[in-house]
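Q: Here you go, one structure.
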Amino acid sequence: MQSPTVPQKTPGSRFHAGYVVAAAVPLFFLLGVVGVTGYFRLGSETTALRESLMDSVAGQWTKTIAVHVGWFTTSLVRAGSRLVKLDPEPRAALEAVRAAEVGVYKLREGPVPEDHGAILGRADKAMARRGWVRVVGVSHDRELVAVYMPRKGMSLRNMKCCLMVFNGRELVVASARGNLEPLWAIAGTHLESGFNRRRLVACASLGPGLPIPREQRGVR
Amino acid sequence: MKCLTLCVPGAVILASSLAWNVWAESPLPGQVDFGVFAPPGGGGEFVEVNLTSSLISMAARFVEKEEPEVAQLLNGVQLVHVNVVGLNDANRSELEKRSEKIRKELDGKGWERIVSVQQQEQNVGVYLKTLNKDTVQGLVVMVMDGNKQAVFVNIVGDIKPDKLAVLGERLHIDPLKKLGHATQKAEEGAEKK
């Protein structure tokens, strides 16, 4: 009778495993640090927008807050939300968001900038280099708002936008990426139910004998 | 010889990609370049809206079930460009000159002036670019509203002036909505005359 062969660990393989563990631990640590700090780092487009404004405005800036929620966190939230009973509207909103970030900065010193044209011009250039185009620009008194979107590759499934709001002292930059299809489906359902309800009421007004469901009676 | 076999396809690819870029950047038939507008100094009003076909078609998808005629209108539009610039002493003459220059250009390029109203301090011009009797390629509206503001609108696509207000309402562009009503009034006034 043969005894079962036990694989013998050679000193070489133990040495190799030790290397893997030694490499994996700092790697996981590094990934953890990158992951955690990632919550406080803005993406490249938002950073470019912020930098373009800060370059156009003389003065000292301080960061109030910068938060970034990426695909990993939004996926976790989406997965978690499936375990909870939610109304279709908030669920659709959660399903729609793929990433979002916001940064708030304050101008501590320096004169209040009034040349919004220069600010917009610089921001347009910075965003155009990344293939983004300004869709909205509004300036009134000290307030300036600019909204940017990618020049190409936009669809309901892949919607991106980046915005900047500046009131002379405070700057807010934000961006969001999402899939609008769930929201669109919800909007479609509401439109359809609204359409059916109106059609029902219209039928009822034409033919007095037609029964109207109780919940629809007050609707016109 | 080997160098030649590598260089020729490379040159062809480079040339075709350049040609593609030039074609991709070339303006649409009803598109008008108003130039760059800057917000007026002293906190004056400035609104700029620039909607491309992908955004407009998304808006069309949102309404296609309930309002197919509005969706059809939106699907016919490829570009919406709206500029509202508050007038002050610093920019008034430049904007007036620019407006005049654009008017001349449009007249020279075969645009049809369908409304032209000059009363008191208001100067309204509505231009249409048509391919044939039924197909509109673009629309331009320019308004110099006395000392208040200058409005420049260019819509590329199949759009009639009487649909401007609907378009403004559906795309939530307030200046376009107001302009639509003003253009309708101007058109009615011109018809009465």
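Here's how to read the names in the structure tokens: chain A, B, ... by the order shown, residue numbers from 1 in each chain, ligand numbers from 1 in the order shown.
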Running DSSP on the backbone, which parts of chain B land in strand (DSSP E), as a PyMOL selection string?
A: chain B and resi 46-51+77-86+112-119+122-130+136-145+149-157
Q: Identify all chain A residues at most 10 Å from chain B by counting only C-alpha atoms; ligands do not count. Present them as an NGL selection string.
A: :A and (114-121 or 133-149 or 151-156 or 159 or 180 or 184-185 or 187-188 or 191-192 or 194-195)
Q: Can you write just those residues out, C-alpha atoms, as a PDB file, in the first residue's frame?
A:
ATOM      1  CA  GLU A 114     -14.872  91.746 -12.531  1.00  0.00           C
ATOM      2  CA  ASP A 115     -13.486  90.561 -15.842  1.00  0.00           C
ATOM      3  CA  HIS A 116     -15.719  87.564 -16.320  1.00  0.00           C
ATOM      4  CA  GLY A 117     -14.832  87.501 -20.008  1.00  0.00           C
ATOM      5  CA  ALA A 118     -11.205  86.643 -19.211  1.00  0.00           C
ATOM      6  CA  ILE A 119     -12.284  83.984 -16.721  1.00  0.00           C
ATOM      7  CA  LEU A 120     -14.640  82.370 -19.233  1.00  0.00           C
ATOM      8  CA  GLY A 121     -12.042  82.597 -22.002  1.00  0.00           C
ATOM      9  CA  VAL A 133     -17.496  72.700 -24.762  1.00  0.00           C
ATOM     10  CA  ARG A 134     -19.369  75.356 -22.823  1.00  0.00           C
ATOM     11  CA  VAL A 135     -23.115  74.923 -23.188  1.00  0.00           C
ATOM     12  CA  VAL A 136     -24.168  77.661 -20.785  1.00  0.00           C
ATOM     13  CA  GLY A 137     -22.469  80.811 -19.590  1.00  0.00           C
ATOM     14  CA  VAL A 138     -24.252  83.357 -17.435  1.00  0.00           C
ATOM     15  CA  SER A 139     -22.799  86.452 -15.860  1.00  0.00           C
ATOM     16  CA  HIS A 140     -24.703  88.964 -13.817  1.00  0.00           C
ATOM     17  CA  ASP A 141     -23.368  91.366 -11.210  1.00  0.00           C
ATOM     18  CA  ARG A 142     -20.625  89.436  -9.462  1.00  0.00           C
ATOM     19  CA  GLU A 143     -21.997  86.027 -10.292  1.00  0.00           C
ATOM     20  CA  LEU A 144     -20.670  83.787 -12.977  1.00  0.00           C
ATOM     21  CA  VAL A 145     -21.983  80.370 -13.971  1.00  0.00           C
ATOM     22  CA  ALA A 146     -20.545  78.116 -16.641  1.00  0.00           C
ATOM     23  CA  VAL A 147     -21.647  74.620 -17.609  1.00  0.00           C
ATOM     24  CA  TYR A 148     -19.511  72.362 -19.785  1.00  0.00           C
ATOM     25  CA  MET A 149     -20.241  69.105 -21.552  1.00  0.00           C
ATOM     26  CA  ARG A 151     -18.201  67.750 -27.396  1.00  0.00           C
ATOM     27  CA  LYS A 152     -18.726  64.135 -28.464  1.00  0.00           C
ATOM     28  CA  GLY A 153     -19.872  60.804 -27.112  1.00  0.00           C
ATOM     29  CA  MET A 154     -22.915  62.014 -25.219  1.00  0.00           C
ATOM     30  CA  SER A 155     -25.908  59.770 -24.821  1.00  0.00           C
ATOM     31  CA  LEU A 156     -28.590  59.025 -22.262  1.00  0.00           C
ATOM     32  CA  MET A 159     -24.050  61.805 -19.612  1.00  0.00           C
ATOM     33  CA  LEU A 180     -30.063  58.893 -17.451  1.00  0.00           C
ATOM     34  CA  TRP A 184     -35.908  58.586 -18.483  1.00  0.00           C
ATOM     35  CA  ALA A 185     -37.853  55.367 -17.905  1.00  0.00           C
ATOM     36  CA  ALA A 187     -40.256  60.071 -16.628  1.00  0.00           C
ATOM     37  CA  GLY A 188     -41.774  57.983 -19.408  1.00  0.00           C
ATOM     38  CA  LEU A 191     -45.869  60.814 -18.748  1.00  0.00           C
ATOM     39  CA  GLU A 192     -47.711  57.697 -19.818  1.00  0.00           C
ATOM     40  CA  GLY A 194     -50.505  61.253 -16.966  1.00  0.00           C
ATOM     41  CA  PHE A 195     -51.453  60.714 -20.594  1.00  0.00           C
TER      42      PHE A 195
END
Q: Enter the distance from CA of Asp162 (chain B) to CA of Glu121 (chain B), in Å, rounded to one decimal.
A: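 One can read the CA of Asp162 (chain B) to CA of Glu121 (chain B) distance as 23.6 Å.
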Q: Would you pick out the contacts of Lys160 (chain A) at 7 Å or less, using only C-alpha atoms, so that residues sharing its chain but fewer than 3 positions from it are not included, and give the list as a PyMOL selection string?
A: chain A and resi 149-150+176-178
Q: Mind checking which residues fall within 12 Å of region 97-103 of chain A, counting only C-alpha atoms, ignoring those fewer than 4 positions away in the same chain, and posting them as a ChimeraX atom specification?
A: /A:38-47,49-51,62-78,90-93,156-166,170-183
Q: Mind the document's chain letters and residue numbers, and return as a PDB file with N, CA, C and O atoms, in the first residue's frame the residues of region 26-182 of chain B that DSSP labels helix (DSSP H, G or I).
A:
ATOM      1  N   SER B  53     -26.471  69.026 -31.189  1.00  0.00           N
ATOM      2  CA  SER B  53     -27.529  68.103 -31.620  1.00  0.00           C
ATOM      3  C   SER B  53     -27.736  66.956 -30.635  1.00  0.00           C
ATOM      4  O   SER B  53     -28.870  66.508 -30.440  1.00  0.00           O
ATOM      5  N   SER B  54     -26.655  66.492 -29.989  1.00  0.00           N
ATOM      6  CA  SER B  54     -26.827  65.353 -29.074  1.00  0.00           C
ATOM      7  C   SER B  54     -27.707  65.740 -27.885  1.00  0.00           C
ATOM      8  O   SER B  54     -28.565  64.956 -27.463  1.00  0.00           O
ATOM      9  N   LEU B  55     -27.523  66.954 -27.380  1.00  0.00           N
ATOM     10  CA  LEU B  55     -28.348  67.399 -26.254  1.00  0.00           C
ATOM     11  C   LEU B  55     -29.790  67.629 -26.691  1.00  0.00           C
ATOM     12  O   LEU B  55     -30.726  67.282 -25.976  1.00  0.00           O
ATOM     13  N   ILE B  56     -29.942  68.201 -27.876  1.00  0.00           N
ATOM     14  CA  ILE B  56     -31.293  68.500 -28.362  1.00  0.00           C
ATOM     15  C   ILE B  56     -32.051  67.195 -28.630  1.00  0.00           C
ATOM     16  O   ILE B  56     -33.227  67.072 -28.304  1.00  0.00           O
ATOM     17  N   SER B  57     -31.352  66.218 -29.199  1.00  0.00           N
ATOM     18  CA  SER B  57     -32.051  64.954 -29.476  1.00  0.00           C
ATOM     19  C   SER B  57     -32.410  64.232 -28.174  1.00  0.00           C
ATOM     20  O   SER B  57     -33.407  63.514 -28.114  1.00  0.00           O
ATOM     21  N   MET B  58     -31.603  64.444 -27.129  1.00  0.00           N
ATOM     22  CA  MET B  58     -31.956  63.873 -25.822  1.00  0.00           C
ATOM     23  C   MET B  58     -33.247  64.513 -25.304  1.00  0.00           C
ATOM     24  O   MET B  58     -34.120  63.839 -24.780  1.00  0.00           O
ATOM     25  N   ALA B  59     -33.322  65.847 -25.466  1.00  0.00           N
ATOM     26  CA  ALA B  59     -34.537  66.560 -25.049  1.00  0.00           C
ATOM     27  C   ALA B  59     -35.739  66.049 -25.845  1.00  0.00           C
ATOM     28  O   ALA B  59     -36.838  65.895 -25.304  1.00  0.00           O
ATOM     29  N   ALA B  60     -35.500  65.742 -27.117  1.00  0.00           N
ATOM     30  CA  ALA B  60     -36.585  65.242 -27.969  1.00  0.00           C
ATOM     31  C   ALA B  60     -37.065  63.883 -27.475  1.00  0.00           C
ATOM     32  O   ALA B  60     -38.272  63.611 -27.462  1.00  0.00           O
ATOM     33  N   ARG B  61     -36.132  63.048 -27.039  1.00  0.00           N
ATOM     34  CA  ARG B  61     -36.511  61.722 -26.554  1.00  0.00           C
ATOM     35  C   ARG B  61     -37.390  61.809 -25.317  1.00  0.00           C
ATOM     36  O   ARG B  61     -38.246  60.972 -25.077  1.00  0.00           O
ATOM     37  N   PHE B  62     -37.165  62.855 -24.511  1.00  0.00           N
ATOM     38  CA  PHE B  62     -37.951  63.009 -23.290  1.00  0.00           C
ATOM     39  C   PHE B  62     -39.422  63.334 -23.567  1.00  0.00           C
ATOM     40  O   PHE B  62     -40.275  63.043 -22.750  1.00  0.00           O
ATOM     41  N   VAL B  63     -39.674  63.964 -24.691  1.00  0.00           N
ATOM     42  CA  VAL B  63     -41.059  64.396 -24.948  1.00  0.00           C
ATOM     43  C   VAL B  63     -41.722  63.621 -26.085  1.00  0.00           C
ATOM     44  O   VAL B  63     -42.878  63.888 -26.398  1.00  0.00           O
ATOM     45  N   PRO B  68     -45.435  64.276 -29.607  1.00  0.00           N
ATOM     46  CA  PRO B  68     -44.629  63.889 -30.778  1.00  0.00           C
ATOM     47  C   PRO B  68     -44.316  65.058 -31.711  1.00  0.00           C
ATOM     48  O   PRO B  68     -43.256  65.080 -32.333  1.00  0.00           O
ATOM     49  N   GLU B  69     -45.225  66.047 -31.750  1.00  0.00           N
ATOM     50  CA  GLU B  69     -44.974  67.174 -32.678  1.00  0.00           C
ATOM     51  C   GLU B  69     -43.821  68.042 -32.177  1.00  0.00           C
ATOM     52  O   GLU B  69     -43.026  68.549 -32.969  1.00  0.00           O
ATOM     53  N   VAL B  70     -43.719  68.165 -30.833  1.00  0.00           N
ATOM     54  CA  VAL B  70     -42.589  68.911 -30.261  1.00  0.00           C
ATOM     55  C   VAL B  70     -41.294  68.131 -30.480  1.00  0.00           C
ATOM     56  O   VAL B  70     -40.259  68.700 -30.823  1.00  0.00           O
ATOM     57  N   ALA B  71     -41.380  66.807 -30.299  1.00  0.00           N
ATOM     58  CA  ALA B  71     -40.200  65.954 -30.522  1.00  0.00           C
ATOM     59  C   ALA B  71     -39.731  66.068 -31.968  1.00  0.00           C
ATOM     60  O   ALA B  71     -38.526  66.129 -32.235  1.00  0.00           O
ATOM     61  N   GLN B  72     -40.686  66.132 -32.862  1.00  0.00           N
ATOM     62  CA  GLN B  72     -40.345  66.266 -34.290  1.00  0.00           C
ATOM     63  C   GLN B  72     -39.643  67.600 -34.550  1.00  0.00           C
ATOM     64  O   GLN B  72     -38.667  67.665 -35.295  1.00  0.00           O
ATOM     65  N   LEU B  73     -40.170  68.634 -33.896  1.00  0.00           N
ATOM     66  CA  LEU B  73     -39.554  69.967 -34.030  1.00  0.00           C
ATOM     67  C   LEU B  73     -38.113  69.944 -33.514  1.00  0.00           C
ATOM     68  O   LEU B  73     -37.195  70.439 -34.172  1.00  0.00           O
ATOM     69  N   LEU B  74     -37.936  69.331 -32.338  1.00  0.00           N
ATOM     70  CA  LEU B  74     -36.591  69.277 -31.738  1.00  0.00           C
ATOM     71  C   LEU B  74     -35.649  68.417 -32.578  1.00  0.00           C
ATOM     72  O   LEU B  74     -34.472  68.743 -32.715  1.00  0.00           O
ATOM     73  N   ASN B  75     -36.176  67.326 -33.131  1.00  0.00           N
ATOM     74  CA  ASN B  75     -35.325  66.449 -33.944  1.00  0.00           C
ATOM     75  C   ASN B  75     -34.835  67.121 -35.218  1.00  0.00           C
ATOM     76  O   ASN B  75     -33.821  66.720 -35.779  1.00  0.00           O
ATOM     77  N   ARG B  92     -21.391  99.160 -26.593  1.00  0.00           N
ATOM     78  CA  ARG B  92     -22.524  99.437 -27.473  1.00  0.00           C
ATOM     79  C   ARG B  92     -22.111  99.590 -28.937  1.00  0.00           C
ATOM     80  O   ARG B  92     -22.650  98.904 -29.819  1.00  0.00           O
ATOM     81  N   SER B  93     -21.131 100.450 -29.173  1.00  0.00           N
ATOM     82  CA  SER B  93     -20.788 100.718 -30.579  1.00  0.00           C
ATOM     83  C   SER B  93     -20.182  99.481 -31.242  1.00  0.00           C
ATOM     84  O   SER B  93     -20.455  99.198 -32.409  1.00  0.00           O
ATOM     85  N   GLU B  94     -19.406  98.721 -30.471  1.00  0.00           N
ATOM     86  CA  GLU B  94     -18.792  97.500 -31.041  1.00  0.00           C
ATOM     87  C   GLU B  94     -19.883  96.503 -31.430  1.00  0.00           C
ATOM     88  O   GLU B  94     -19.839  95.903 -32.515  1.00  0.00           O
ATOM     89  N   LEU B  95     -20.872  96.338 -30.569  1.00  0.00           N
ATOM     90  CA  LEU B  95     -21.938  95.372 -30.860  1.00  0.00           C
ATOM     91  C   LEU B  95     -22.826  95.836 -32.016  1.00  0.00           C
ATOM     92  O   LEU B  95     -23.293  95.025 -32.815  1.00  0.00           O
ATOM     93  N   GLU B  96     -23.045  97.162 -32.078  1.00  0.00           N
ATOM     94  CA  GLU B  96     -23.828  97.688 -33.201  1.00  0.00           C
ATOM     95  C   GLU B  96     -23.101  97.441 -34.521  1.00  0.00           C
ATOM     96  O   GLU B  96     -23.708  97.031 -35.509  1.00  0.00           O
ATOM     97  N   LYS B  97     -21.795  97.685 -34.490  1.00  0.00           N
ATOM     98  CA  LYS B  97     -20.993  97.451 -35.700  1.00  0.00           C
ATOM     99  C   LYS B  97     -21.016  95.981 -36.078  1.00  0.00           C
ATOM    100  O   LYS B  97     -21.141  95.624 -37.249  1.00  0.00           O
ATOM    101  N   ARG B  98     -20.897  95.131 -35.065  1.00  0.00           N
ATOM    102  CA  ARG B  98     -20.870  93.697 -35.331  1.00  0.00           C
ATOM    103  C   ARG B  98     -22.212  93.228 -35.920  1.00  0.00           C
ATOM    104  O   ARG B  98     -22.261  92.456 -36.863  1.00  0.00           O
ATOM    105  N   SER B  99     -23.287  93.756 -35.332  1.00  0.00           N
ATOM    106  CA  SER B  99     -24.620  93.405 -35.815  1.00  0.00           C
ATOM    107  C   SER B  99     -24.779  93.824 -37.280  1.00  0.00           C
ATOM    108  O   SER B  99     -25.307  93.073 -38.115  1.00  0.00           O
ATOM    109  N   GLU B 100     -24.292  95.019 -37.579  1.00  0.00           N
ATOM    110  CA  GLU B 100     -24.374  95.527 -38.959  1.00  0.00           C
ATOM    111  C   GLU B 100     -23.567  94.655 -39.916  1.00  0.00           C
ATOM    112  O   GLU B 100     -24.016  94.325 -41.020  1.00  0.00           O
ATOM    113  N   LYS B 101     -22.395  94.251 -39.456  1.00  0.00           N
ATOM    114  CA  LYS B 101     -21.508  93.414 -40.282  1.00  0.00           C
ATOM    115  C   LYS B 101     -22.173  92.058 -40.561  1.00  0.00           C
ATOM    116  O   LYS B 101     -22.152  91.571 -41.701  1.00  0.00           O
ATOM    117  N   ILE B 102     -22.767  91.496 -39.534  1.00  0.00           N
ATOM    118  CA  ILE B 102     -23.425  90.185 -39.708  1.00  0.00           C
ATOM    119  C   ILE B 102     -24.599  90.316 -40.677  1.00  0.00           C
ATOM    120  O   ILE B 102     -24.807  89.469 -41.545  1.00  0.00           O
ATOM    121  N   ARG B 103     -25.361  91.399 -40.536  1.00  0.00           N
ATOM    122  CA  ARG B 103     -26.492  91.629 -41.448  1.00  0.00           C
ATOM    123  C   ARG B 103     -26.019  91.662 -42.903  1.00  0.00           C
ATOM    124  O   ARG B 103     -26.630  91.042 -43.775  1.00  0.00           O
ATOM    125  N   LYS B 104     -24.934  92.377 -43.128  1.00  0.00           N
ATOM    126  CA  LYS B 104     -24.396  92.475 -44.498  1.00  0.00           C
ATOM    127  C   LYS B 104     -23.952  91.108 -45.000  1.00  0.00           C
ATOM    128  O   LYS B 104     -24.185  90.746 -46.154  1.00  0.00           O
ATOM    129  N   GLU B 105     -23.291  90.374 -44.117  1.00  0.00           N
ATOM    130  CA  GLU B 105     -22.815  89.034 -44.493  1.00  0.00           C
ATOM    131  C   GLU B 105     -23.979  88.130 -44.864  1.00  0.00           C
ATOM    132  O   GLU B 105     -23.932  87.388 -45.848  1.00  0.00           O
ATOM    133  N   LEU B 106     -25.032  88.195 -44.054  1.00  0.00           N
ATOM    134  CA  LEU B 106     -26.198  87.340 -44.302  1.00  0.00           C
ATOM    135  C   LEU B 106     -26.862  87.718 -45.631  1.00  0.00           C
ATOM    136  O   LEU B 106     -27.248  86.846 -46.407  1.00  0.00           O
ATOM    137  N   ASP B 107     -26.969  89.030 -45.875  1.00  0.00           N
ATOM    138  CA  ASP B 107     -27.548  89.489 -47.150  1.00  0.00           C
ATOM    139  C   ASP B 107     -26.726  88.971 -48.320  1.00  0.00           C
ATOM    140  O   ASP B 107     -27.264  88.545 -49.340  1.00  0.00           O
ATOM    141  N   GLY B 108     -25.406  88.982 -48.136  1.00  0.00           N
ATOM    142  CA  GLY B 108     -24.515  88.550 -49.210  1.00  0.00           C
ATOM    143  C   GLY B 108     -24.499  87.051 -49.417  1.00  0.00           C
ATOM    144  O   GLY B 108     -24.152  86.572 -50.495  1.00  0.00           O
ATOM    145  N   PRO B 161     -39.779  80.625 -37.770  1.00  0.00           N
ATOM    146  CA  PRO B 161     -39.740  81.658 -36.717  1.00  0.00           C
ATOM    147  C   PRO B 161     -40.889  81.550 -35.708  1.00  0.00           C
ATOM    148  O   PRO B 161     -40.706  81.863 -34.532  1.00  0.00           O
ATOM    149  N   ASP B 162     -42.058  81.088 -36.172  1.00  0.00           N
ATOM    150  CA  ASP B 162     -43.193  81.011 -35.241  1.00  0.00           C
ATOM    151  C   ASP B 162     -43.031  79.879 -34.217  1.00  0.00           C
ATOM    152  O   ASP B 162     -43.845  79.758 -33.304  1.00  0.00           O
ATOM    153  N   LYS B 163     -41.999  79.056 -34.384  1.00  0.00           N
ATOM    154  CA  LYS B 163     -41.780  77.964 -33.427  1.00  0.00           C
ATOM    155  C   LYS B 163     -40.706  78.306 -32.391  1.00  0.00           C
ATOM    156  O   LYS B 163     -40.354  77.476 -31.558  1.00  0.00           O
ATOM    157  N   LEU B 164     -40.170  79.531 -32.479  1.00  0.00           N
ATOM    158  CA  LEU B 164     -39.092  79.922 -31.561  1.00  0.00           C
ATOM    159  C   LEU B 164     -39.521  79.845 -30.098  1.00  0.00           C
ATOM    160  O   LEU B 164     -38.763  79.347 -29.251  1.00  0.00           O
ATOM    161  N   ALA B 165     -40.733  80.318 -29.818  1.00  0.00           N
ATOM    162  CA  ALA B 165     -41.211  80.336 -28.438  1.00  0.00           C
ATOM    163  C   ALA B 165     -41.344  78.917 -27.900  1.00  0.00           C
ATOM    164  O   ALA B 165     -40.973  78.632 -26.754  1.00  0.00           O
ATOM    165  N   VAL B 166     -41.866  78.009 -28.747  1.00  0.00           N
ATOM    166  CA  VAL B 166     -42.016  76.599 -28.331  1.00  0.00           C
ATOM    167  C   VAL B 166     -40.635  76.009 -28.034  1.00  0.00           C
ATOM    168  O   VAL B 166     -40.438  75.315 -27.029  1.00  0.00           O
ATOM    169  N   LEU B 167     -39.695  76.292 -28.913  1.00  0.00           N
ATOM    170  CA  LEU B 167     -38.335  75.773 -28.744  1.00  0.00           C
ATOM    171  C   LEU B 167     -37.715  76.308 -27.441  1.00  0.00           C
ATOM    172  O   LEU B 167     -37.111  75.551 -26.671  1.00  0.00           O
ATOM    173  N   GLY B 168     -37.893  77.613 -27.208  1.00  0.00           N
ATOM    174  CA  GLY B 168     -37.368  78.226 -25.986  1.00  0.00           C
ATOM    175  C   GLY B 168     -37.988  77.617 -24.743  1.00  0.00           C
ATOM    176  O   GLY B 168     -37.314  77.366 -23.741  1.00  0.00           O
ATOM    177  N   GLU B 169     -39.293  77.347 -24.844  1.00  0.00           N
ATOM    178  CA  GLU B 169     -40.008  76.764 -23.708  1.00  0.00           C
ATOM    179  C   GLU B 169     -39.515  75.345 -23.428  1.00  0.00           C
ATOM    180  O   GLU B 169     -39.262  74.983 -22.286  1.00  0.00           O
ATOM    181  N   ARG B 170     -39.364  74.570 -24.488  1.00  0.00           N
ATOM    182  CA  ARG B 170     -38.990  73.158 -24.329  1.00  0.00           C
ATOM    183  C   ARG B 170     -37.533  72.988 -23.917  1.00  0.00           C
ATOM    184  O   ARG B 170     -37.184  72.039 -23.235  1.00  0.00           O
ATOM    185  N   ASP B 174     -34.892  80.953 -21.617  1.00  0.00           N
ATOM    186  CA  ASP B 174     -35.797  82.079 -21.413  1.00  0.00           C
ATOM    187  C   ASP B 174     -35.679  83.174 -22.482  1.00  0.00           C
ATOM    188  O   ASP B 174     -36.717  83.632 -22.994  1.00  0.00           O
ATOM    189  N   PRO B 175     -34.456  83.583 -22.819  1.00  0.00           N
ATOM    190  CA  PRO B 175     -34.349  84.635 -23.844  1.00  0.00           C
ATOM    191  C   PRO B 175     -34.986  84.218 -25.170  1.00  0.00           C
ATOM    192  O   PRO B 175     -35.588  85.044 -25.857  1.00  0.00           O
ATOM    193  N   LEU B 176     -34.867  82.941 -25.494  1.00  0.00           N
ATOM    194  CA  LEU B 176     -35.438  82.446 -26.747  1.00  0.00           C
ATOM    195  C   LEU B 176     -36.969  82.483 -26.702  1.00  0.00           C
ATOM    196  O   LEU B 176     -37.633  82.813 -27.682  1.00  0.00           O
ATOM    197  N   LYS B 177     -37.476  82.168 -25.527  1.00  0.00           N
ATOM    198  CA  LYS B 177     -38.932  82.188 -25.327  1.00  0.00           C
ATOM    199  C   LYS B 177     -39.466  83.606 -25.527  1.00  0.00           C
ATOM    200  O   LYS B 177     -40.423  83.826 -26.266  1.00  0.00           O
ATOM    201  N   LYS B 178     -38.792  84.562 -24.868  1.00  0.00           N
ATOM    202  CA  LYS B 178     -39.219  85.967 -24.978  1.00  0.00           C
ATOM    203  C   LYS B 178     -39.077  86.448 -26.415  1.00  0.00           C
ATOM    204  O   LYS B 178     -39.958  87.132 -26.941  1.00  0.00           O
ATOM    205  N   LEU B 179     -37.976  86.039 -27.014  1.00  0.00           N
ATOM    206  CA  LEU B 179     -37.702  86.464 -28.383  1.00  0.00           C
ATOM    207  C   LEU B 179     -38.754  85.916 -29.348  1.00  0.00           C
ATOM    208  O   LEU B 179     -39.160  86.592 -30.287  1.00  0.00           O
ATOM    209  N   GLY B 180     -39.165  84.679 -29.080  1.00  0.00           N
ATOM    210  CA  GLY B 180     -40.202  84.046 -29.908  1.00  0.00           C
ATOM    211  C   GLY B 180     -41.467  84.876 -29.931  1.00  0.00           C
ATOM    212  O   GLY B 180     -42.039  85.147 -30.985  1.00  0.00           O
ATOM    213  N   HIS B 181     -41.869  85.305 -28.722  1.00  0.00           N
ATOM    214  CA  HIS B 181     -43.088  86.128 -28.637  1.00  0.00           C
ATOM    215  C   HIS B 181     -42.876  87.477 -29.334  1.00  0.00           C
ATOM    216  O   HIS B 181     -43.753  87.957 -30.047  1.00  0.00           O
ATOM    217  N   ALA B 182     -41.691  88.073 -29.117  1.00  0.00           N
ATOM    218  CA  ALA B 182     -41.394  89.377 -29.731  1.00  0.00           C
ATOM    219  C   ALA B 182     -41.376  89.266 -31.254  1.00  0.00           C
ATOM    220  O   ALA B 182     -41.898  90.138 -31.957  1.00  0.00           O
TER     221      ALA B 182
END
